[in-house]
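Structure first, then comments.
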Amino acid sequence: MAKCDIRITFDNPDRVYRGGDTVVGAVHIQVNEDIRCNGILLTHYWRTHGRGNTARGEKHEVRLSEIVPLQAGEELHFPFEFASEIWPLTYHGHHINLDHFVHVGVDVPWAIDPQHEEEYILLPGERPPEFTGGRGEVIEFTKKATEVKGLVKVLLFVIVAVLLAVLAAFAVVLIPVFLVGGGIYWIWKSMIASRVGEVELKVPHLVVGPGEQWPLELGFTPKKTFPVNGITLKIFAQEAATSGSGTNSTTHRHTLYEEMHTLHPAGALLAGERFSEQFMIDFPETDAWSIAESDNKIAWSAEIRIDIPRFPDWSKKEELQVIPLEFLDAAEPSLMKQFSSAVDDQYAAPAVTEDTAELEEQSSDSADSSDTWDTPDSSDRVAADAGKDPASLLAIISEIGQAGRFGNERSEIVAATEGRAYDLVVLIDRVSTTFGFPGDDARFENGRTITGTIEGTDQKVQLFAADTSNDSLDYLSRGGSWQTLATVKSWDSLYDRLVMHEVPFD
């Protein structure tokens with residue numbers, strides 16, 4: 001029989017707390033034999049367990065009792081309370097588990113100390129101070145430095161010196177190897193660049209929350225015409241737990257999530273025709289938060305690939321950091337709002353109230369009563385009245401469709417429309433925030449990009465709207481419509497669609 005039995009209870013029967021909450025409970029000790037106790041200590045900390053080597057957070061101590069003799073049959077009760085950790089959060093996975101523990105030990109001199117521990121569940125609560133709001137860089141959690149003794153410092157210095165000496169001895173052999181390897185790498189990159197040119201990938205959010213809309217932009221101008229099997233995005237998450245050390249170490253891996261998104265289907269990319277697209281990806285729902293302990297990792301990544309048949313692929317991998325959405329909402333509401341205006345297939349239009357219905361009816365009546373867009377500055381907005389006839393726009397679309405895909409014929413047709421504004425209605429498929437606007441007009445840089453079809457036709461269109469239209473466009477969803485004046489800027493052969501710019505109010 002143990003010298004004493006220890007039991008730990010919590011005020012929450014389910015033992016669920018949020019970061020920063022006060023954990024309240026009691027320690028119950030049943031003494032089974034007379035012992036001399038040098039103190040009773042409660043500690044709380046987080047610890048990993050599973051296939052990997054154990055990682056442990058800082059221990060926080062609460063002394064429940066000083067030196068006191070304990071007599072057989074005695075029952076002791078010690079209440080406790082402490083502020084819970086904020087990060088990391090509880091995780092139960094395949095190879096890795098992370099739990100928060102309350103540990104109680106009775107210090108018995110010259111004997112094995114009776115001890116007991118219980119875990120509690122920590123969910124997102126107070127935002128950790130490391131999350132300052134920026135989402136463009138992965139956040140690192142600084143750990144308290146451990147003191148390095150003088151002898152250890154000397155040993156480290158000796159080891160580094162020996163390694164440098166060994167490398168110097170093999171320098172004559174290694175330098176040619178490095179040169180050959182670097183040459184092969186340069187040739188490989190040059191081959192890829194000879195097809196795709198310089199690829200611009202913008203990933204504004206490296207810190208991501210589950211279930212949110214995750215933006216990215218891809219742009220390049222092919223130097224040659226070549227086929228592709230597709231342009232894809234792979235979102236990937238993996239556990240990696242390392243056990244042992246040195247040559248005896250083993251890393252156990254488990255795929256938590258893997259999904260492939262097709263950004264562009266198989267087809268041909270034409271030399272000199274700009275590919276520039278913005279995407280809003282539905283990031284998966286998950287509670288597998290990023291972990292970056294030395295032997296226990298949960299790593300998220302996004303890999304974009306231009307798959308070129310029988311040729312080296314262009315690819316780039318971005319490491320992501322997944323944290324609770326609650327932290328992001330508190331950290332950067334303006335940026336979240338900026339991208340929440342993008343519309344996907346699951347976007348729900350706002351509920352129509354009596355007020356909004358009345359406004360829409362008034363707007364519709366106003367549009368019907370003035371076919372000439374009679375505004376104080378209408379002369380500045382319309383370059384030619386004849387250009388406002390939708391039939392003339394359809395004639396241009398027909399000409400482009402009959403023209404060949406190669407050569408300058410389509411560009412010449414578009415160039416002939418310069419200065420003409422067209423009154424059109426776009427049936428909306430998606431509205432997204434514009435970034436990377438292919439022009440020099442500042443009014444479009446922070447505006448919205450509409451993709452859809454021209455009403456009454458099957459013709460696809462990409463319309464760049466000025467920032468003055470943001471308030472109106474942010475309330476539109478898939479299936480809605482937008483009436484405006486716009487000019488034709490180019491023809492996108494990849495998607496067989498017109499690229500147009502709204503004629504903004506001055």
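Chain identifiers are assigned as A, B, and so on, following the order in which chains appear in the structure tokens; residues are numbered from 1 within each chain, and ligands are numbered from 1 in order of appearance.
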
Residue neighbourhood range 266-268 of chain A, 8 Å, only C-alpha atoms, exclusion window fewer than 3 positions, as JSON, numbers by chain: {"A": [225, 226, 227, 228, 229, 230, 231, 494]}

Just want the 7 Å neighbourhood of Leu427 in chain A, counted on only C-alpha atoms, with same-chain residues fewer than 4 positions away dropped. Output as a PyMOL selection string. chain A and resi 452-455+479-482

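We find CA of Tyr257 in chain A and CA of Gly52 in chain A to be spaced 19.8 Å apart.
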
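When only C-alpha atoms are used to compute distances to Asn32 in chain A, the closest of the residues A:Asp496, A:Glu58, A:Glu399, A:Asp5 turns out to be A:Asp5.
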
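Minimum atom-to-atom distances from A:His60, A:Lys224, A:Lys189, A:His261 to Ser315 in chain A were compared using only C-alpha atoms, and the lowest value belongs to A:Lys189.
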
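If you count only C-alpha atoms and ignore residues fewer than 3 places along the chain from Thr90 in chain A, what sits within 7 Å of it is Leu98, Asp99, His100, Ile121, Leu122 and Leu123 of chain A.
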
Which of these, A:Ala465, A:Ile235, A:Ile413, A:Val431, has the shortest distance to Phe444 in chain A once you count only C-alpha atoms? A:Ala465

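For the pair CA of Ile291 in chain A and CA of Glu212 in chain A, the separation is 19.8 Å.
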
Sel. of strand (DSSP E or B) residues, range 8-220 of chain A, as a PyMOL selection string: chain A and resi 8-10+16-18+22-31+35-37+40-50+56+60-65+68-70+75-83+91-92+96-106+115-123+200-202+207-208+213-220

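For the atom pair formed by CA of Ile298 in chain A and CA of Leu256 in chain A, the distance is 8.8 Å, given to one decimal.
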
Find the residues near Val102 in chain A: any atom within 6 Å, counting only C-alpha atoms, skip ones fewer than 2 places away on the same chain, and give them as a PyMOL selection string. chain A and resi 43-44+117-118
